[in-house]
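To be precise, the following lines are target-v1.cif, and they hold mmCIF, C-alpha atoms and all ligand atoms.
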```cif
data_target
#
loop_
_atom_site.label_atom_id
_atom_site.label_comp_id
_atom_site.auth_asym_id
_atom_site.auth_seq_id
_atom_site.Cartn_x
_atom_site.Cartn_y
_atom_site.Cartn_z
CA MET A 1 105.40 -12.74 19.62
CA SER A 2 102.44 -15.06 19.58
CA ASN A 3 103.39 -17.54 22.27
CA ASN A 4 103.67 -14.95 25.02
CA LYS A 5 100.28 -15.41 26.69
CA ILE A 6 100.41 -16.17 30.43
CA ASP A 7 97.87 -18.93 31.06
CA GLY A 8 96.25 -17.93 34.34
CA LYS A 9 93.77 -20.77 34.23
CA GLN A 10 96.54 -23.35 33.99
CA ILE A 11 98.63 -21.76 36.77
CA ALA A 12 95.51 -21.43 38.95
CA SER A 13 94.85 -25.15 38.57
CA GLN A 14 98.43 -25.90 39.67
CA VAL A 15 97.86 -23.73 42.75
CA THR A 16 94.51 -25.33 43.58
CA GLU A 17 95.98 -28.82 43.23
CA LYS A 18 98.35 -27.99 46.09
CA VAL A 19 95.47 -26.53 48.08
CA GLN A 20 93.51 -29.75 47.56
CA GLU A 21 96.35 -31.77 49.14
CA ARG A 22 96.32 -29.45 52.15
CA VAL A 23 92.53 -29.82 52.41
CA GLU A 24 92.93 -33.60 52.51
CA ARG A 25 95.53 -33.37 55.29
CA LEU A 26 93.24 -31.06 57.27
CA LYS A 27 90.33 -33.44 56.87
CA GLU A 28 92.47 -36.28 58.25
CA GLN A 29 92.83 -34.13 61.34
CA GLY A 30 89.08 -33.58 61.54
CA VAL A 31 88.95 -30.09 60.07
CA THR A 32 87.12 -29.21 56.84
CA PRO A 33 88.10 -25.71 55.69
CA GLY A 34 84.95 -23.58 55.35
CA LEU A 35 84.34 -20.37 53.43
CA ALA A 36 81.34 -18.07 53.82
CA VAL A 37 80.56 -15.70 50.97
CA VAL A 38 78.14 -12.89 51.73
CA LEU A 39 76.38 -11.35 48.76
CA VAL A 40 74.18 -8.30 49.20
CA GLY A 41 71.71 -7.47 46.40
CA ASN A 42 71.50 -9.09 43.00
CA ASN A 43 74.23 -7.65 40.81
CA PRO A 44 74.57 -10.30 38.03
CA ALA A 45 78.38 -9.87 37.72
CA SER A 46 78.86 -10.36 41.47
CA GLN A 47 76.64 -13.42 41.25
CA THR A 48 78.99 -14.97 38.65
CA TYR A 49 82.13 -14.40 40.75
CA VAL A 50 80.43 -15.66 43.86
CA ASN A 51 79.22 -18.79 42.10
CA ASN A 52 82.77 -19.41 40.81
CA LYS A 53 84.06 -19.16 44.35
CA THR A 54 81.58 -21.60 45.89
CA LYS A 55 81.99 -24.06 42.97
CA THR A 56 85.76 -24.09 43.40
CA CYS A 57 85.34 -24.71 47.14
CA GLU A 58 83.17 -27.73 46.46
CA ARG A 59 85.61 -29.10 43.88
CA LEU A 60 88.43 -28.94 46.43
CA GLY A 61 86.37 -30.67 49.11
CA MET A 62 85.93 -27.53 51.16
CA HIS A 63 82.78 -26.49 52.98
CA SER A 64 81.11 -23.39 51.60
CA VAL A 65 78.07 -21.34 52.45
CA MET A 66 76.61 -18.52 50.46
CA ILE A 67 74.59 -15.93 52.33
CA GLU A 68 72.37 -13.89 50.04
CA LEU A 69 70.88 -10.74 51.52
CA GLU A 70 68.42 -8.14 50.25
CA GLU A 71 69.74 -4.99 48.56
CA ASN A 72 67.98 -2.83 51.19
CA ILE A 73 69.45 -4.56 54.26
CA THR A 74 70.62 -2.19 57.01
CA GLU A 75 74.26 -1.94 58.05
CA GLN A 76 73.34 -3.21 61.50
CA GLU A 77 71.69 -6.33 60.11
CA LEU A 78 74.69 -7.06 57.89
CA LEU A 79 77.04 -6.59 60.87
CA LYS A 80 74.95 -9.15 62.79
CA HIS A 81 75.49 -11.71 60.00
CA VAL A 82 79.23 -11.04 60.08
CA GLU A 83 79.29 -11.51 63.86
CA THR A 84 77.45 -14.85 63.55
CA LEU A 85 80.04 -16.01 61.01
CA ASN A 86 82.89 -14.80 63.22
CA ASN A 87 81.58 -17.16 65.92
CA ASP A 88 80.84 -20.11 63.63
CA LYS A 89 83.47 -22.84 64.15
CA LYS A 90 82.76 -24.43 60.75
CA ILE A 91 83.66 -21.18 58.97
CA HIS A 92 87.36 -20.32 58.63
CA GLY A 93 87.11 -17.61 55.97
CA ILE A 94 84.60 -14.80 55.44
CA LEU A 95 84.27 -12.83 52.22
CA VAL A 96 81.78 -9.99 51.91
CA GLN A 97 81.45 -9.28 48.20
CA LEU A 98 82.15 -5.64 47.30
CA PRO A 99 80.81 -3.14 46.39
CA LEU A 100 78.06 -2.87 49.00
CA PRO A 101 74.85 -0.80 48.61
CA LYS A 102 75.25 2.88 49.47
CA GLN A 103 73.46 2.78 52.85
CA ILE A 104 76.28 0.57 54.16
CA ASP A 105 79.72 1.78 55.24
CA GLU A 106 82.13 -0.73 53.66
CA ASP A 107 84.96 0.15 56.02
CA ARG A 108 82.85 -0.71 59.05
CA VAL A 109 81.82 -4.04 57.60
CA ILE A 110 85.39 -4.98 56.68
CA ALA A 111 86.61 -3.96 60.15
CA ALA A 112 83.93 -6.19 61.72
CA ILE A 113 85.32 -9.36 60.12
CA SER A 114 87.59 -11.26 62.48
CA PRO A 115 91.21 -10.79 61.28
CA LEU A 116 91.60 -14.56 61.82
CA LYS A 117 88.96 -15.12 59.10
CA ASP A 118 89.88 -12.23 56.81
CA VAL A 119 90.70 -14.34 53.74
CA ASP A 120 90.26 -11.30 51.45
CA GLY A 121 93.08 -9.54 53.30
CA PHE A 122 91.05 -6.31 53.44
CA HIS A 123 90.94 -5.80 57.24
CA PRO A 124 93.13 -2.89 58.47
CA GLU A 125 95.08 -5.36 60.63
CA SER A 126 95.89 -7.54 57.61
CA VAL A 127 96.77 -4.50 55.48
CA GLY A 128 99.03 -3.14 58.23
CA LYS A 129 100.84 -6.45 58.63
CA MET A 130 101.30 -6.72 54.87
CA MET A 131 102.80 -3.19 54.82
CA ILE A 132 105.43 -4.10 57.42
CA GLY A 133 106.14 -7.49 55.88
CA GLN A 134 104.61 -9.66 58.64
CA PRO A 135 102.85 -12.91 57.72
CA THR A 136 99.13 -12.33 57.19
CA PHE A 137 96.35 -12.89 54.66
CA LEU A 138 97.28 -11.14 51.42
CA SER A 139 94.67 -9.56 49.17
CA CYS A 140 93.83 -12.33 46.66
CA THR A 141 94.27 -10.42 43.39
CA PRO A 142 97.75 -8.94 44.04
CA PHE A 143 98.79 -12.20 45.75
CA GLY A 144 97.61 -14.11 42.67
CA ILE A 145 99.55 -11.78 40.38
CA MET A 146 102.75 -12.40 42.40
CA LYS A 147 102.18 -16.15 41.87
CA LEU A 148 101.59 -15.62 38.13
CA LEU A 149 104.90 -13.76 37.89
CA GLU A 150 106.67 -16.46 39.90
CA TYR A 151 105.29 -19.35 37.83
CA SER A 152 106.11 -17.44 34.63
CA ASP A 153 109.76 -16.90 35.73
CA VAL A 154 109.47 -13.13 35.63
CA GLU A 155 112.38 -11.47 37.42
CA ILE A 156 111.21 -8.72 39.79
CA ALA A 157 114.28 -7.45 41.69
CA GLY A 158 115.58 -4.19 40.23
CA LYS A 159 112.79 -3.98 37.66
CA HIS A 160 110.59 -0.93 37.25
CA ALA A 161 107.01 -1.91 38.06
CA VAL A 162 104.33 0.59 37.09
CA ILE A 163 100.84 0.11 38.53
CA ILE A 164 97.89 1.96 37.01
CA GLY A 165 95.26 2.12 39.76
CA ARG A 166 95.50 2.76 43.50
CA SER A 167 92.45 1.03 44.98
CA ASN A 168 92.77 -0.54 48.41
CA ILE A 169 92.00 -4.00 47.05
CA VAL A 170 94.21 -4.11 43.94
CA GLY A 171 96.54 -1.20 43.12
CA LYS A 172 97.92 -0.27 46.54
CA PRO A 173 98.68 -3.78 47.83
CA MET A 174 100.08 -4.72 44.39
CA GLY A 175 102.73 -2.03 44.68
CA GLN A 176 103.67 -3.14 48.19
CA LEU A 177 104.11 -6.78 47.25
CA LEU A 178 106.29 -5.84 44.26
CA LEU A 179 108.31 -3.47 46.48
CA GLN A 180 108.92 -6.32 48.93
CA LYS A 181 110.43 -8.27 46.05
CA ASP A 182 112.76 -5.33 45.33
CA ALA A 183 111.03 -3.78 42.34
CA THR A 184 111.15 0.00 41.90
CA VAL A 185 107.48 0.94 42.03
CA THR A 186 105.52 3.78 40.43
CA TYR A 187 101.80 4.30 41.03
CA CYS A 188 99.65 6.02 38.38
CA HIS A 189 95.99 7.02 38.74
CA SER A 190 93.30 9.22 37.24
CA LYS A 191 95.13 12.44 38.16
CA THR A 192 98.44 11.30 36.67
CA LYS A 193 99.61 13.67 33.95
CA ASP A 194 101.09 12.19 30.80
CA LEU A 195 100.51 8.54 31.66
CA HIS A 196 102.60 7.43 28.65
CA THR A 197 105.82 8.83 30.17
CA PHE A 198 105.48 6.43 33.09
CA THR A 199 104.07 3.35 31.41
CA LYS A 200 106.72 3.48 28.67
CA GLN A 201 109.37 2.95 31.37
CA ALA A 202 107.69 -0.10 32.85
CA ASP A 203 109.40 -3.48 32.80
CA ILE A 204 106.29 -4.81 34.54
CA LEU A 205 103.01 -3.00 33.87
CA VAL A 206 99.97 -3.83 36.01
CA VAL A 207 96.72 -2.29 34.78
CA ALA A 208 93.78 -2.06 37.21
CA THR A 209 91.59 0.86 36.16
CA GLY A 210 88.25 -0.65 35.14
CA ARG A 211 88.47 1.19 31.77
CA ALA A 212 87.93 -1.25 28.89
CA LYS A 213 90.95 -1.61 26.55
CA MET A 214 92.43 1.76 27.58
CA ILE A 215 96.03 0.52 27.32
CA ASP A 216 97.28 -0.31 23.82
CA ALA A 217 100.77 -0.93 22.40
CA SER A 218 101.58 2.81 22.40
CA PHE A 219 101.80 2.73 26.23
CA ILE A 220 104.08 -0.30 26.39
CA LYS A 221 107.85 -0.66 26.21
CA GLU A 222 109.10 -3.41 23.90
CA GLY A 223 109.57 -6.59 25.97
CA ALA A 224 107.54 -5.48 29.01
CA VAL A 225 105.46 -7.92 31.06
CA VAL A 226 101.82 -6.79 31.02
CA ILE A 227 99.30 -7.85 33.67
CA ASP A 228 95.67 -6.99 32.97
CA VAL A 229 93.44 -6.96 36.04
CA GLY A 230 90.38 -5.37 34.43
CA ILE A 231 87.06 -7.14 34.05
CA ASN A 232 84.82 -5.20 31.67
CA ARG A 233 82.25 -5.78 28.96
CA ASP A 234 83.05 -4.46 25.47
CA GLU A 235 80.61 -3.04 22.90
CA HIS A 236 79.54 -6.60 21.98
CA ASN A 237 78.98 -7.43 25.67
CA LYS A 238 82.07 -9.67 25.59
CA LEU A 239 84.33 -9.90 28.64
CA CYS A 240 87.49 -7.80 28.16
CA GLY A 241 90.31 -6.31 30.17
CA ASP A 242 91.75 -2.82 30.63
CA VAL A 243 94.37 -3.71 28.00
CA ASP A 244 93.75 -3.95 24.26
CA PHE A 245 95.13 -7.49 24.07
CA ALA A 246 95.68 -7.80 20.31
CA SER A 247 97.60 -4.53 20.16
CA ALA A 248 99.62 -5.05 23.37
CA GLN A 249 100.54 -8.67 22.63
CA ALA A 250 102.72 -7.54 19.72
CA VAL A 251 105.10 -5.56 21.98
CA ALA A 252 104.90 -7.33 25.36
CA SER A 253 107.24 -10.21 26.20
CA LYS A 254 104.50 -11.77 28.35
CA ILE A 255 100.88 -10.77 28.82
CA THR A 256 97.79 -12.02 30.66
CA PRO A 257 94.50 -12.42 28.77
CA VAL A 258 90.97 -11.61 30.00
CA PRO A 259 89.32 -13.97 30.67
CA GLY A 260 91.80 -16.65 31.73
CA GLY A 261 94.48 -14.45 33.33
CA VAL A 262 94.28 -12.77 36.71
CA GLY A 263 90.64 -13.74 37.50
CA PRO A 264 91.20 -17.48 38.01
CA MET A 265 94.27 -16.68 40.17
CA THR A 266 92.17 -14.48 42.47
CA ILE A 267 89.92 -17.44 43.15
CA ALA A 268 92.85 -19.84 43.63
CA MET A 269 94.41 -17.52 46.23
CA LEU A 270 91.09 -17.21 48.05
CA MET A 271 91.10 -21.02 48.37
CA GLU A 272 94.70 -20.97 49.60
CA ASN A 273 93.91 -18.26 52.17
CA THR A 274 90.87 -20.21 53.43
CA CYS A 275 93.00 -23.31 53.79
CA LEU A 276 95.60 -21.31 55.71
CA ALA A 277 92.90 -19.91 58.01
CA ALA A 278 91.79 -23.48 58.78
CA GLU A 279 95.38 -24.62 59.39
CA ASN A 280 95.86 -21.69 61.78
CA THR A 281 93.04 -23.01 64.01
CA LEU A 282 95.10 -26.15 64.64
CA ILE A 283 98.18 -24.15 65.63
CA ASN A 284 96.48 -21.52 67.81
N1 LIG B 1 90.51 -10.10 38.00
C1 LIG B 1 90.22 -9.94 39.26
O1 LIG B 1 90.37 -10.83 40.04
C2 LIG B 1 89.74 -8.63 39.73
C3 LIG B 1 89.42 -7.68 38.82
N2 LIG B 1 89.03 -6.44 39.21
C4 LIG B 1 88.80 -5.46 38.14
O2 LIG B 1 89.93 -4.61 38.06
C5 LIG B 1 89.56 -3.29 37.73
C6 LIG B 1 90.01 -2.34 38.82
O3 LIG B 1 89.38 -2.68 40.04
P1 LIG B 1 89.48 -1.77 41.35
O4 LIG B 1 90.90 -1.52 41.68
O5 LIG B 1 88.59 -2.37 42.35
O6 LIG B 1 88.80 -0.42 40.77
P2 LIG B 1 88.61 1.05 41.37
O7 LIG B 1 87.56 1.67 40.53
O8 LIG B 1 88.47 1.00 42.83
O9 LIG B 1 90.01 1.76 41.05
C7 LIG B 1 90.39 2.11 39.76
C8 LIG B 1 91.71 2.86 39.80
O10 LIG B 1 92.08 3.20 38.47
C9 LIG B 1 92.35 4.59 38.39
N3 LIG B 1 91.93 5.08 37.07
C10 LIG B 1 90.67 5.12 36.57
N4 LIG B 1 90.67 5.64 35.34
C11 LIG B 1 91.95 5.95 35.05
C12 LIG B 1 92.59 6.53 33.93
N5 LIG B 1 91.90 6.91 32.84
N6 LIG B 1 93.93 6.70 33.97
C13 LIG B 1 94.63 6.33 35.05
N7 LIG B 1 94.09 5.77 36.15
C14 LIG B 1 92.75 5.58 36.15
C15 LIG B 1 91.57 5.25 39.51
O11 LIG B 1 92.20 6.46 39.88
P3 LIG B 1 91.68 7.38 41.12
O12 LIG B 1 92.15 6.70 42.36
O13 LIG B 1 92.36 8.68 40.90
O14 LIG B 1 90.20 7.44 41.00
C16 LIG B 1 91.64 4.17 40.59
O15 LIG B 1 92.80 4.31 41.39
C17 LIG B 1 88.05 -3.38 37.51
O16 LIG B 1 87.83 -3.63 36.14
C18 LIG B 1 87.63 -4.57 38.33
O17 LIG B 1 86.45 -5.17 37.84
C19 LIG B 1 88.97 -6.10 40.53
C20 LIG B 1 89.27 -7.01 41.51
C21 LIG B 1 89.65 -8.37 41.17
N1 LIG B 2 85.25 -8.95 48.80
C1 LIG B 2 85.58 -9.06 47.51
N2 LIG B 2 86.63 -9.83 47.15
C2 LIG B 2 86.97 -9.96 45.83
O1 LIG B 2 87.96 -10.67 45.52
C3 LIG B 2 86.19 -9.29 44.84
C4 LIG B 2 85.10 -8.53 45.27
N3 LIG B 2 84.83 -8.41 46.60
N4 LIG B 2 84.34 -7.87 44.37
C5 LIG B 2 84.54 -8.02 42.93
C6 LIG B 2 85.96 -8.34 42.58
C7 LIG B 2 86.13 -8.98 41.22
N5 LIG B 2 86.68 -10.28 41.48
C8 LIG B 2 86.86 -11.29 40.51
C9 LIG B 2 87.19 -12.59 40.84
C10 LIG B 2 87.29 -13.57 39.88
C11 LIG B 2 87.07 -13.29 38.55
C12 LIG B 2 87.14 -14.38 37.54
O2 LIG B 2 87.14 -15.54 37.85
N6 LIG B 2 87.19 -14.04 36.23
C13 LIG B 2 87.21 -15.00 35.14
C14 LIG B 2 85.99 -14.88 34.23
C15 LIG B 2 84.68 -14.82 34.96
C16 LIG B 2 83.49 -14.58 34.02
O3 LIG B 2 83.31 -15.39 33.10
O4 LIG B 2 82.78 -13.57 34.22
C17 LIG B 2 88.43 -14.72 34.27
O5 LIG B 2 88.94 -13.59 34.31
O6 LIG B 2 88.87 -15.63 33.57
C18 LIG B 2 86.77 -11.99 38.20
C19 LIG B 2 86.69 -11.00 39.17
C20 LIG B 2 86.83 -10.46 42.81
N7 LIG B 2 86.47 -9.39 43.50
#
```
Translate this file's structure into structure tokens.
Ligand SMILES: NC(=O)C1=CN([C@@H]2O[C@H](COP(=O)(O)OP(=O)(O)OC[C@H]3O[C@@H](n4cnc5c(N)ncnc54)[C@H](OP(=O)(O)O)[C@@H]3O)[C@@H](O)[C@H]2O)C=CC1
Ligand SMILES: Nc1nc(=O)c2c([nH]1)NC[C@@H]1CN(c3ccc(C(=O)N[C@@H](CCC(=O)O)C(=O)O)cc3)C=[N+]21
Amino acid sequence: MSNNKIDGKQIASQVTEKVQERVERLKEQGVTPGLAVVLVGNNPASQTYVNNKTKTCERLGMHSVMIELEENITEQELLKHVETLNNDKKIHGILVQLPLPKQIDEDRVIAAISPLKDVDGFHPESVGKMMIGQPTFLSCTPFGIMKLLEYSDVEIAGKHAVIIGRSNIVGKPMGQLLLQKDATVTYCHSKTKDLHTFTKQADILVVATGRAKMIDASFIKEGAVVIDVGINRDEHNKLCGDVDFASAQAVASKITPVPGGVGPMTIAMLMENTCLAAENTLIN
């Protein structure tokens, strides 16, 4: 199996093309969708993602602002910035890049973002709505993975989906979205005993652990679809996923690479969510 790579970059560009059309329609009605990205401190990896986000905005004709704040900012000061953005009519989406420095309570910052501008889908109101299947902003990475599966004609109903990782931003919402499409869902995490037993049953395996190349062919059932969320650096400082791609590709029916898999989809869905937030201002 050599032609089984899912091209996330290509699918992301199909998604952003549709977003671009919606941006043009919004502009005809006098609204330019605007995204604010808040970056605290100078983590070089975060800087790269944030730059990708603002560049994509510009390419699609959207308005974007980047707010860079000192590592030692207080929680109160950060909350003030969020409040200003909540009240800014030119801004439809707010993303506060995570993780935040330790003096800041992430939950409080996320809760301070207006749910109408919560394009990350991290606010408790958005998470709650997602859980009960009401329309809302969906967390960009799991949302992007659902699109990848859709564009790649992967059947979900009745399949056993195994998720490794249970973070609030990737693992947990991923399981919910797959459940809503009638998959049978199993969550694994660092306390899971005998991980192989579970992963070997997976028709769809989503890996989001942050452990470089931890999943090789021995964990994978012949013909499974493998989605690699991880973004790590290997021993040569090269970008790599949580899956050992060369090994896994030989047994998977379809597999996402890193880079060029889930990452570009996360950004595409952020653009779609920002566009939706702007459209909502015309309806409400
Ligand atoms: N491509 C993209 O767009 C994005 C990529 N990422 C990347 O995805 C990865 C995961 O991100 P995120 O969910 O935020 O990470 P977290 O660190 O928040 O969560 C990692 C999860 O993996 C579990 N885990 C860790 N080690 C093991 C192990 N050895 N066996 C089984 N489970 C394990 C943890 O278990 P426990 O809960 O028990 O600690 C935890 O639930 C990272 O590499 C991150 O950089 C993240 C967001 C977007
Ligand atoms: N509030 C918040 N929202 C996030 O969505 C969020 C976050 N915080 N913190 C960090 C993680 C990580 N994340 C990525 C997004 C895109 C790529 C991406 O575009 N990756 C490219 C490669 C990028 C590179 O070259 O480094 C790829 O996989 O092809 C990666 C990772 C979003 N996150």
(request) Taking all atoms listed in the file into account, report as a PyMOL selection string which residues have an atom no farther than 8 Å from an atom of ligand LIG 1 (chain B). (result) chain A and resi 140-141+164-171+188-192+195+207-212+214+228-232+241-242+261-267
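Comparing A:His196, A:His92, A:Lys213, A:Lys254 by their smallest distance to Leu149 of chain A, the closest is A:Lys254 (using only C-alpha atoms).
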(message) At a cut-off of 10 Å around ligand LIG 2 (chain B), and using all atoms listed in the file, what residues come up? Please write them as JSON, numbers by chain.
(response) {"A": [7, 8, 9, 37, 38, 39, 44, 45, 46, 47, 48, 49, 50, 51, 52, 53, 94, 95, 96, 97, 98, 99, 100, 110, 118, 119, 120, 121, 122, 139, 140, 141, 169, 170, 228, 229, 230, 231, 232, 233, 238, 239, 240, 241, 256, 257, 258, 259, 260, 261, 262, 263, 264, 265, 266, 267, 268, 269, 270]}
Okay, now the selection with C-alpha atoms, as an mmCIF file, in the frame of the given file?
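Result file is again_37.cif:
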```cif
data_model
loop_
_atom_site.group_PDB
_atom_site.id
_atom_site.type_symbol
_atom_site.label_atom_id
_atom_site.label_comp_id
_atom_site.auth_asym_id
_atom_site.auth_seq_id
_atom_site.Cartn_x
_atom_site.Cartn_y
_atom_site.Cartn_z
ATOM 1 C CA ASP A 7 97.870 -18.930 31.060
ATOM 2 C CA GLY A 8 96.250 -17.930 34.340
ATOM 3 C CA LYS A 9 93.770 -20.770 34.230
ATOM 4 C CA VAL A 37 80.560 -15.700 50.970
ATOM 5 C CA VAL A 38 78.140 -12.890 51.730
ATOM 6 C CA LEU A 39 76.380 -11.350 48.760
ATOM 7 C CA PRO A 44 74.570 -10.300 38.030
ATOM 8 C CA ALA A 45 78.380 -9.870 37.720
ATOM 9 C CA SER A 46 78.860 -10.360 41.470
ATOM 10 C CA GLN A 47 76.640 -13.420 41.250
ATOM 11 C CA THR A 48 78.990 -14.970 38.650
ATOM 12 C CA TYR A 49 82.130 -14.400 40.750
ATOM 13 C CA VAL A 50 80.430 -15.660 43.860
ATOM 14 C CA ASN A 51 79.220 -18.790 42.100
ATOM 15 C CA ASN A 52 82.770 -19.410 40.810
ATOM 16 C CA LYS A 53 84.060 -19.160 44.350
ATOM 17 C CA ILE A 94 84.600 -14.800 55.440
ATOM 18 C CA LEU A 95 84.270 -12.830 52.220
ATOM 19 C CA VAL A 96 81.780 -9.990 51.910
ATOM 20 C CA GLN A 97 81.450 -9.280 48.200
ATOM 21 C CA LEU A 98 82.150 -5.640 47.300
ATOM 22 C CA PRO A 99 80.810 -3.140 46.390
ATOM 23 C CA LEU A 100 78.060 -2.870 49.000
ATOM 24 C CA ILE A 110 85.390 -4.980 56.680
ATOM 25 C CA ASP A 118 89.880 -12.230 56.810
ATOM 26 C CA VAL A 119 90.700 -14.340 53.740
ATOM 27 C CA ASP A 120 90.260 -11.300 51.450
ATOM 28 C CA GLY A 121 93.080 -9.540 53.300
ATOM 29 C CA PHE A 122 91.050 -6.310 53.440
ATOM 30 C CA SER A 139 94.670 -9.560 49.170
ATOM 31 C CA CYS A 140 93.830 -12.330 46.660
ATOM 32 C CA THR A 141 94.270 -10.420 43.390
ATOM 33 C CA ILE A 169 92.000 -4.000 47.050
ATOM 34 C CA VAL A 170 94.210 -4.110 43.940
ATOM 35 C CA ASP A 228 95.670 -6.990 32.970
ATOM 36 C CA VAL A 229 93.440 -6.960 36.040
ATOM 37 C CA GLY A 230 90.380 -5.370 34.430
ATOM 38 C CA ILE A 231 87.060 -7.140 34.050
ATOM 39 C CA ASN A 232 84.820 -5.200 31.670
ATOM 40 C CA ARG A 233 82.250 -5.780 28.960
ATOM 41 C CA LYS A 238 82.070 -9.670 25.590
ATOM 42 C CA LEU A 239 84.330 -9.900 28.640
ATOM 43 C CA CYS A 240 87.490 -7.800 28.160
ATOM 44 C CA GLY A 241 90.310 -6.310 30.170
ATOM 45 C CA THR A 256 97.790 -12.020 30.660
ATOM 46 C CA PRO A 257 94.500 -12.420 28.770
ATOM 47 C CA VAL A 258 90.970 -11.610 30.000
ATOM 48 C CA PRO A 259 89.320 -13.970 30.670
ATOM 49 C CA GLY A 260 91.800 -16.650 31.730
ATOM 50 C CA GLY A 261 94.480 -14.450 33.330
ATOM 51 C CA VAL A 262 94.280 -12.770 36.710
ATOM 52 C CA GLY A 263 90.640 -13.740 37.500
ATOM 53 C CA PRO A 264 91.200 -17.480 38.010
ATOM 54 C CA MET A 265 94.270 -16.680 40.170
ATOM 55 C CA THR A 266 92.170 -14.480 42.470
ATOM 56 C CA ILE A 267 89.920 -17.440 43.150
ATOM 57 C CA ALA A 268 92.850 -19.840 43.630
ATOM 58 C CA MET A 269 94.410 -17.520 46.230
ATOM 59 C CA LEU A 270 91.090 -17.210 48.050
#
```
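Once Leu177 of chain A and its same-chain neighbours fewer than 2 positions away are set aside, Met130, Met131, Gly133, Leu138, Pro142, Phe143, Ile145, Met146, Lys172, Pro173, Met174, Gly175, Leu179, Gln180, Lys181, Asp182, Ala183 and Val185 of chain A remain within 10 Å of it when counting all atoms listed in the file.
You can rank A:Thr184, A:Asn86, A:Asn72, A:Gln201 by their closest distance to Gly158 of chain A using all atoms listed in the file, and at the top of that list sits A:Thr184.
Checking A:Ser253, A:Asn87, A:Arg59, A:Phe137 one by one against Asn273 of chain A, counting all atoms listed in the file, you find the shortest gap at A:Phe137.
Atom CA of Leu148 of chain A is positioned 25.7 Å from atom CA of Leu116 of chain A.
Proximity to Ala36 of chain A was assessed for A:Thr136, A:Gln249, A:Thr54, A:Thr74 counting only C-alpha atoms; the smallest distance is recorded for A:Thr54.
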(request) For each of A:Val23, A:Leu205, A:Ala252, A:Val154, take the minimum atom-to-atom distance to Glu222 of chain A, counting all atoms listed in the file, then give the residue where this is smallest. (result) A:Ala252
